[in-house]
Structures are given as C-alpha cells and as structure tokens.
>>> print(open('structure_16.txt').read())   # compact mmCIF, C-alpha atoms and all ligand atoms
# COMPACT_ATOMS: atom_id res chain seq x y z
CA MET Q 59 115.24 7.59 13.40
CA SER Q 60 117.07 10.50 14.98
CA ARG Q 61 120.52 11.93 14.42
CA VAL Q 62 120.54 13.23 17.97
CA ALA Q 63 122.52 11.09 20.41
CA LEU Q 64 120.73 9.50 23.32
CA PRO Q 65 121.45 11.16 26.67
CA SER Q 66 123.41 9.12 29.19
CA VAL Q 67 121.51 7.48 32.02
CA THR Q 68 122.62 8.08 35.59
CA HIS Q 69 121.48 6.55 38.84
CA ARG Q 70 118.92 9.27 39.52
CA HIS Q 71 117.06 8.46 36.32
CA LEU Q 72 116.01 5.16 37.89
CA ARG Q 73 113.74 7.23 40.16
CA HIS Q 74 113.01 10.46 38.29
CA LEU Q 75 112.10 11.69 34.86
CA GLU Q 76 114.57 14.27 33.62
CA ILE Q 77 113.76 16.39 30.59
CA GLN Q 78 116.92 17.84 29.00
CA ASN Q 79 115.40 20.50 26.83
CA GLU Q 80 117.89 22.09 24.43
CA THR Q 81 115.26 23.93 22.44
CA GLY Q 82 113.24 27.11 22.87
CA TYR Q 83 110.04 25.11 23.31
CA ARG Q 84 108.59 25.22 26.80
CA THR Q 85 109.57 22.16 28.84
CA ARG Q 86 106.20 21.94 30.59
CA ALA Q 87 104.27 20.77 27.50
CA ILE Q 88 107.02 18.31 26.53
CA ARG Q 89 107.06 16.84 30.03
CA THR Q 90 103.26 16.61 30.09
CA LEU Q 91 103.24 14.60 26.85
CA VAL Q 92 105.96 12.19 28.01
CA VAL Q 93 104.37 11.71 31.45
CA ARG Q 94 100.93 11.13 29.93
CA ALA Q 95 102.32 8.57 27.47
CA LEU Q 96 104.17 6.72 30.25
CA ARG Q 97 101.04 6.65 32.43
CA PHE Q 98 98.84 5.59 29.51
CA TYR Q 99 101.05 2.54 28.95
CA GLY Q 100 101.25 1.81 32.68
CA MET Q 101 104.92 2.66 33.02
CA ALA Q 102 106.89 4.33 35.79
CA VAL Q 103 107.59 8.02 35.31
CA ARG Q 104 111.38 7.82 35.15
CA GLY Q 105 114.29 8.05 32.74
CA VAL Q 106 115.94 10.84 30.78
CA VAL Q 107 114.62 12.51 27.65
CA ARG Q 108 116.67 14.94 25.57
CA ILE Q 109 114.89 17.35 23.25
CA ALA Q 110 116.89 19.06 20.48
CA TYR Q 111 116.10 20.87 17.27
CA SER Q 112 115.86 18.50 14.36
CA PRO Q 113 118.89 18.81 12.07
CA VAL Q 114 116.77 17.60 9.16
CA GLY Q 115 113.37 19.02 10.12
CA GLY Q 116 110.24 17.35 11.40
CA HIS Q 117 109.53 15.39 14.55
CA ARG Q 118 111.83 12.47 15.22
CA GLY Q 119 112.85 10.21 18.03
CA CYS Q 120 115.14 7.49 19.23
CA ALA Q 121 114.90 5.42 22.38
CA ALA Q 122 116.59 2.55 24.12
CA LEU Q 123 114.82 -0.80 24.07
CA GLY Q 124 113.43 -1.60 27.48
CA ASN Q 125 114.16 -5.29 27.39
CA SER Q 126 117.65 -5.18 25.89
CA ALA Q 127 119.76 -4.56 29.00
CA ALA Q 128 119.38 -3.79 32.68
CA ARG Q 129 119.60 -0.04 32.30
CA ALA Q 130 118.14 0.37 28.84
CA GLY Q 131 114.65 1.69 28.38
CA LEU Q 132 115.51 4.84 30.29
CA ASN Q 133 116.93 7.18 27.69
CA MET Q 134 115.25 8.82 24.76
CA ALA Q 135 116.07 11.58 22.29
CA LEU Q 136 113.37 13.60 20.56
CA THR Q 137 113.59 16.37 18.01
CA LEU Q 138 111.35 19.28 17.21
CA PRO Q 139 111.51 21.57 14.16
CA ARG Q 140 113.58 24.72 14.51
CA ASP Q 141 110.76 26.67 12.90
CA PRO Q 142 107.98 26.89 15.55
CA GLY Q 143 105.48 27.24 12.69
CA GLU Q 144 106.19 23.60 11.80
CA ALA Q 145 105.74 22.27 15.33
CA ASP Q 146 102.81 19.89 15.68
CA SER Q 147 102.01 18.61 19.16
CA GLU Q 148 99.91 15.73 17.78
CA GLN Q 149 102.74 14.51 15.54
CA PHE Q 150 105.16 14.94 18.45
CA ALA Q 151 102.80 12.80 20.57
CA ARG Q 152 102.82 10.05 17.91
CA VAL Q 153 106.64 10.05 18.02
CA ILE Q 154 106.60 9.92 21.84
CA ARG Q 155 104.17 6.98 21.67
CA HIS Q 156 106.56 5.07 19.36
CA GLU Q 157 109.55 5.77 21.62
CA VAL Q 158 107.74 5.03 24.89
CA LEU Q 159 106.73 1.66 23.46
CA HIS Q 160 110.44 0.99 22.75
CA TRP Q 161 111.08 1.73 26.45
CA ARG Q 162 108.38 -0.78 27.23
CA GLY Q 163 110.29 -3.40 25.24
CA ALA Q 164 108.51 -3.31 21.88
CA GLY Q 165 110.62 -3.68 18.73
CA HIS Q 166 109.47 -2.47 15.31
CA ALA Q 167 108.13 -5.94 14.51
CA ASP Q 168 105.76 -5.65 17.49
CA MET Q 169 104.23 -2.35 16.31
CA GLY Q 170 101.22 -1.86 14.05
CA PRO Q 171 101.66 0.55 11.10
CA ASP Q 172 100.19 3.60 12.88
CA ILE Q 173 102.53 3.25 15.85
CA LEU Q 174 105.51 2.24 13.72
CA TYR Q 175 105.20 5.09 11.20
CA CYS Q 176 103.81 7.67 13.65
CA GLN Q 177 100.59 8.13 11.71
CA GLY Q 178 96.82 7.78 12.16
CA PRO Q 179 94.63 9.51 14.73
CA ALA Q 180 96.41 11.52 17.40
CA PRO Q 181 96.78 9.70 20.74
CA GLU Q 182 93.86 10.66 23.01
CA TRP Q 183 96.22 11.38 25.92
CA ALA Q 184 97.80 14.22 23.89
CA ALA Q 185 94.61 16.29 23.84
CA GLY Q 186 94.86 19.89 24.98
CA VAL Q 187 98.66 20.13 24.93
CA THR Q 188 100.21 22.84 22.76
CA LEU Q 189 103.89 23.23 22.06
CA GLU Q 190 104.91 26.76 22.82
CA HIS Q 191 108.14 28.24 21.56
CA VAL Q 192 109.52 30.93 23.79
CA VAL Q 193 110.66 33.95 21.82
CA PRO Q 194 113.98 35.17 23.25
CA LYS Q 195 113.54 38.44 25.15
CA ALA Q 196 114.76 41.46 23.19
CA ALA Q 197 117.81 43.12 24.73
CA ASP Q 198 117.00 46.22 26.80
CA PRO Q 199 119.06 49.16 25.40
CA THR Q 200 119.10 51.00 28.76
CA GLU Q 201 120.46 47.93 30.49
CA ALA Q 202 123.11 47.51 27.78
CA ARG Q 203 124.25 51.15 28.13
CA ASP Q 204 124.43 50.86 31.93
CA ARG Q 205 126.47 47.68 31.64
CA LYS Q 206 128.84 49.35 29.17
CA LEU Q 207 129.34 52.37 31.47
CA ALA Q 208 129.99 50.17 34.53
CA HIS Q 209 132.49 48.12 32.53
CA ALA Q 210 134.33 51.20 31.24
CA ARG Q 211 134.50 52.64 34.79
CA SER Q 212 135.95 49.46 36.22
CA MET Q 213 138.49 49.21 33.39
CA LEU Q 214 139.56 52.83 34.03
CA LYS Q 215 139.99 52.07 37.74
CA CYS Q 216 142.19 49.09 36.88
CA ALA Q 217 144.25 51.16 34.45
CA ARG Q 218 144.78 53.87 37.08
CA THR Q 219 145.90 51.29 39.63
CA ARG Q 220 148.33 49.86 37.08
CA ALA Q 221 149.66 53.35 36.24
CA LYS Q 222 150.13 54.14 39.96
CA ARG Q 223 151.96 50.87 40.50
CA ALA Q 224 154.17 51.56 37.46
CA GLU Q 225 155.00 55.05 38.82
CA THR Q 226 155.96 53.50 42.20
CA ILE Q 227 158.28 51.08 40.41
CA VAL Q 228 159.83 53.94 38.39
CA GLN Q 229 160.50 55.89 41.61
CA LYS Q 230 162.02 52.84 43.35
CA TRP Q 231 164.49 52.23 40.52
CA ALA Q 232 165.28 55.92 40.22
CA ARG Q 233 166.22 55.91 43.95
CA ARG Q 234 168.39 52.85 43.48
CA VAL Q 235 170.16 54.41 40.48
CA ARG Q 236 170.86 57.57 42.52
CA ALA Q 237 172.19 55.52 45.44
CA ALA Q 238 174.42 53.46 43.12
CA GLU Q 239 175.70 56.60 41.41
CA ARG Q 240 176.58 58.15 44.78
CA ALA Q 241 178.46 54.99 45.77
CA VAL Q 242 180.47 55.14 42.53
CA GLU Q 243 181.25 58.83 43.09
CA ARG Q 244 182.39 58.25 46.68
CA ALA Q 245 184.73 55.46 45.56
CA LEU Q 246 186.27 57.73 42.90
CA VAL Q 247 186.88 60.46 45.48
CA VAL Q 248 188.64 58.04 47.85
CA GLU Q 249 190.81 56.51 45.14
CA THR Q 250 191.92 59.85 43.70
CA ALA Q 251 192.44 61.66 47.03
CA PRO Q 252 195.99 63.15 47.19
CA VAL Q 253 198.30 61.67 49.85
CA ASP Q 254 199.43 64.42 52.29
CA VAL Q 255 203.09 63.59 52.61
CA ALA Q 256 204.10 66.61 54.67
CA ALA Q 257 201.52 66.25 57.41
CA GLY Q 258 201.81 62.52 57.83
CA GLY Q 259 205.48 62.42 58.62
CA GLY Q 260 207.12 61.52 55.36
CA LYS Q 261 209.80 58.97 55.40
CA PRO Q 262 210.85 57.47 58.71
ZN ZN B 301 111.70 2.89 16.51
>>> encode(input="structure_16.txt", output="structure tokens")
Amino acid sequence: MSRVALPSVTHRHLRHLEIQNETGYRTRAIRTLVVRALRFYGMAVRGVVRIAYSPVGGHRGCAALGNSAARAGLNMALTLPRDPGEADSEQFARVIRHEVLHWRGAGHADMGPDILYCQGPAPEWAAGVTLEHVVPKAADPTEARDRKLAHARSMLKCARTRAKRAETIVQKWARRVRAAERAVERALVVETAPVDVAAGGGKP
C-alpha cells in the first residue's frame, strides 16, 4: 500500500517501540495511536514504525506479516499527507489498525472489508487523539545578524593569521637570497683577487 520502504529491524526493537518520525507531525500523537492499537489487540509494545510524508497523498501503510518469519511483524511504514489540512487522525487510526493486524499475523484474506479497506467507524481506541503539525520556527533576524558578524570576524582573524604567516615566509626567503648573493660575491672577489708577485717572493 505504501511507497515508503519499511525500516530495518534491530535487536532493540524486540524490546522497545521506536517511532522514526520523518514528518513535521508531533511524534507523541503518532506513538499514542500505535501503542493504543497494539494494546487493544493484546500485543507487546515493540517494533519500529517509520512515518514519512505520503508521496501520493493520503494516509497509507505497509507492515511486515507477523507470522511470516522470526523477525517479521516488527517493522511498519506509515504515511501522512504533506498538507496538514488533509491530516485525519481517524483515518490514520484505521490504517494503523490494518497494519497492526498484519503484525499480528493477519493477511488480507483474514480481514473484513472495514479493516481491509480502512473504512467504517473510527476505532474507539483512537478517540481524543489529534495529529498536530509543528510549524517550523521562523528564523530570528537578530540571531542571523549576530551569527553573520561572528563568522565575518573569525574569517578576518584567519585571513590576518595567513597574511602574517605569508609575510614571515617572504622575510625568510629574502634573508636566504641575501645570504646566497653575499656568498656569490665573496667567491667572485677571491677568484679575481690579483696575485702579489713582488711581496710573495717571485720565482725561486
Ligand atoms: Zn495490508
């Protein structure tokens, strides 16, 4: 039913229920619905449930079959509409009911039409739960300006350090050039120095 991949089950999911919420909907209400459904059907509160925005809209789900393999029946993927105006906690609860029954081992052939097609009266255990979409906090302009100033100051400090280091390198090579030039000059003086024949003694 869903185009969202099932999350992978790890050892800890044998003991705990993990809600991997990738949406802006509050996790608390999602968890409440899943926990209530599990308890209603007499199941352990464990496994991993991923919630993503529906790529095609609406409320959808997908779950492993509880009786198919040793570790199956522990992972579930659910989707919620990207538009919070379309979110319907009762419809979401019907989808959770369908998927939880898969965890319990029920195939589609075992489900009545209401459970199979996620229709009919809302599950009683879903009463009083509202899906709340958290509106992202607007960026604070003061904070943004302060961050920009701090960044510019630190970049300037780095640039000055680099400039200082470059100047040190320039001075080092300038010293070496001067030293090398002096060595060349000294060698030229020695090689071209006139031989004092008279003082030395001349020919033996
Ligand atoms: Zn199904």
>>> residues_around(input="structure_16.txt", residues="region 168-177 of chain Q", least_positions_apart="2", cutoff="7 Å", atoms="all atoms listed in the file", output="ChimeraX atom specification")
/Q:152-153,156,164-166,179
>>> closest_residue(input="structure_16.txt", among="Q:Gly143, Q:Gly186, Q:Pro199, Q:Gly178", to="Gly115 (chain Q)", atoms="all atoms listed in the file")
Q:Gly143
>>> atom_distance(input="structure_16.txt", atom1="CA of Thr81 (chain Q)", atom2="CA of Val192 (chain Q)")
9.2 Å
>>> closest_residue(input="structure_16.txt", among="Q:Val158, Q:Glu225, Q:Val103, Q:Glu239", to="ligand ZN 301 (chain B)", atoms="only C-alpha atoms and all ligand atoms")
Q:Val158
>>> closest_residue(input="structure_16.txt", among="Q:His209, Q:Leu75, Q:Arg155, Q:Val92", to="ligand ZN 301 (chain B)", atoms="only C-alpha atoms and all ligand atoms")
Q:Arg155
>>> atom_distance(input="structure_16.txt", atom1="CA of Thr85 (chain Q)", atom2="CA of Asp198 (chain Q)")
25.3 Å
>>> residues_around(input="structure_16.txt", residues="Asp141 (chain Q)", least_positions_apart="4", cutoff="10 Å", atoms="only C-alpha atoms", output="list in words")
Tyr111, Ser112, Gly115, Gly116, Ala145 and His191 of chain Q
>>> residues_around(input="structure_16.txt", residues="Asp146 (chain Q)", least_positions_apart="6", cutoff="12 Å", atoms="all atoms listed in the file", output="PyMOL selection string")
chain Q and resi 83+87-88+115-118+137-140+152-153+180+184+187-191
>>> atom_distance(input="structure_16.txt", atom1="CA of Trp161 (chain Q)", atom2="CA of Ala122 (chain Q)")
6.0 Å
>>> closest_atom_pairs(input="structure_16.txt", of="region 154-238 of chain Q", to="region 97-101 of chain Q", cutoff="9 Å", atoms="all atoms listed in the file", output="JSON lines")
{"residue": "Q:Val158", "atom": "CA", "partner": "Q:Tyr99", "partner_atom": "CA", "distance": 8.2}
{"residue": "Q:Leu159", "atom": "CA", "partner": "Q:Tyr99", "partner_atom": "CA", "distance": 7.9}
{"residue": "Q:Arg162", "atom": "CA", "partner": "Q:Met101", "partner_atom": "CA", "distance": 7.6}
{"residue": "Q:Trp183", "atom": "CA", "partner": "Q:Phe98", "partner_atom": "CA", "distance": 7.3}
>>> closest_residue(input="structure_16.txt", among="Q:Ala102, Q:Val67, Q:Ala121, Q:Ala95", to="ligand ZN 301 (chain B)", atoms="all atoms listed in the file")
Q:Ala121
>>> closest_residue(input="structure_16.txt", among="Q:Pro113, Q:Glu157, Q:Ser66, Q:Arg84", to="ligand ZN 301 (chain B)", atoms="only C-alpha atoms and all ligand atoms")
Q:Glu157
>>> closest_residue(input="structure_16.txt", among="Q:Val106, Q:Ala251, Q:Ala245, Q:Leu64", to="Cys120 (chain Q)", atoms="only C-alpha atoms")
Q:Leu64
>>> axis_aligned_box(input="structure_16.txt", around="region 241-252 of chain Q", padding_each_side="8 Å", output="lines of an AutoDock Vina configuration file")
center_x = 187.2
center_y = 59.1
center_z = 45.2
size_x = 33.5
size_y = 24.2
size_z = 21.3
>>> residues_near_point(input="structure_16.txt", point="(113.9, 9.3, 37.5)", cutoff="8 Å", atoms="only C-alpha atoms", output="list in words")
Arg70, His71, Leu72, Arg73, His74, Leu75, Glu76, Val103, Arg104, Gly105 and Val106 of chain Q
>>> build_atoms(input="structure_16.txt", residues="region 180-196 of chain Q", atoms="N, CA and C atoms", output="mmCIF file, keeping the file's coordinate frame")
data_model
loop_
_atom_site.group_PDB
_atom_site.id
_atom_site.type_symbol
_atom_site.label_atom_id
_atom_site.label_comp_id
_atom_site.auth_asym_id
_atom_site.auth_seq_id
_atom_site.Cartn_x
_atom_site.Cartn_y
_atom_site.Cartn_z
ATOM 1 N N ALA Q 180 95.515 11.076 16.314
ATOM 2 C CA ALA Q 180 96.410 11.520 17.400
ATOM 3 C C ALA Q 180 96.062 10.744 18.673
ATOM 4 N N PRO Q 181 97.070 10.391 19.477
ATOM 5 C CA PRO Q 181 96.780 9.700 20.740
ATOM 6 C C PRO Q 181 95.851 10.549 21.613
ATOM 7 N N GLU Q 182 94.844 9.893 22.223
ATOM 8 C CA GLU Q 182 93.860 10.660 23.010
ATOM 9 C C GLU Q 182 94.508 11.370 24.202
ATOM 10 N N TRP Q 183 95.576 10.777 24.742
ATOM 11 C CA TRP Q 183 96.220 11.380 25.920
ATOM 12 C C TRP Q 183 96.955 12.683 25.576
ATOM 13 N N ALA Q 184 97.086 12.990 24.279
ATOM 14 C CA ALA Q 184 97.800 14.220 23.890
ATOM 15 C C ALA Q 184 96.867 15.424 23.790
ATOM 16 N N ALA Q 185 95.576 15.205 24.032
ATOM 17 C CA ALA Q 185 94.610 16.290 23.840
ATOM 18 C C ALA Q 185 94.902 17.488 24.751
ATOM 19 N N GLY Q 186 94.755 18.656 24.206
ATOM 20 C CA GLY Q 186 94.860 19.890 24.980
ATOM 21 C C GLY Q 186 96.276 20.363 25.272
ATOM 22 N N VAL Q 187 97.268 19.695 24.694
ATOM 23 C CA VAL Q 187 98.660 20.130 24.930
ATOM 24 C C VAL Q 187 99.162 20.871 23.688
ATOM 25 N N THR Q 188 99.665 22.065 23.890
ATOM 26 C CA THR Q 188 100.210 22.840 22.760
ATOM 27 C C THR Q 188 101.693 23.090 23.016
ATOM 28 N N LEU Q 189 102.458 22.949 21.957
ATOM 29 C CA LEU Q 189 103.890 23.230 22.060
ATOM 30 C C LEU Q 189 104.078 24.729 21.903
ATOM 31 N N GLU Q 190 104.714 25.319 22.866
ATOM 32 C CA GLU Q 190 104.910 26.760 22.820
ATOM 33 C C GLU Q 190 106.386 27.078 22.724
ATOM 34 N N HIS Q 191 106.739 27.856 21.729
ATOM 35 C CA HIS Q 191 108.140 28.240 21.560
ATOM 36 C C HIS Q 191 108.338 29.602 22.192
ATOM 37 N N VAL Q 192 109.282 29.678 23.076
ATOM 38 C CA VAL Q 192 109.520 30.930 23.790
ATOM 39 C C VAL Q 192 110.400 31.829 22.932
ATOM 40 N N VAL Q 193 109.879 32.995 22.611
ATOM 41 C CA VAL Q 193 110.660 33.950 21.820
ATOM 42 C C VAL Q 193 111.683 34.587 22.749
ATOM 43 N N PRO Q 194 112.969 34.566 22.374
ATOM 44 C CA PRO Q 194 113.980 35.170 23.250
ATOM 45 C C PRO Q 194 113.674 36.633 23.505
ATOM 46 N N LYS Q 195 113.831 37.060 24.753
ATOM 47 C CA LYS Q 195 113.540 38.440 25.150
ATOM 48 C C LYS Q 195 114.493 39.395 24.429
ATOM 49 N N ALA Q 196 113.923 40.459 23.869
ATOM 50 C CA ALA Q 196 114.760 41.460 23.190
ATOM 51 C C ALA Q 196 115.643 42.164 24.214
#
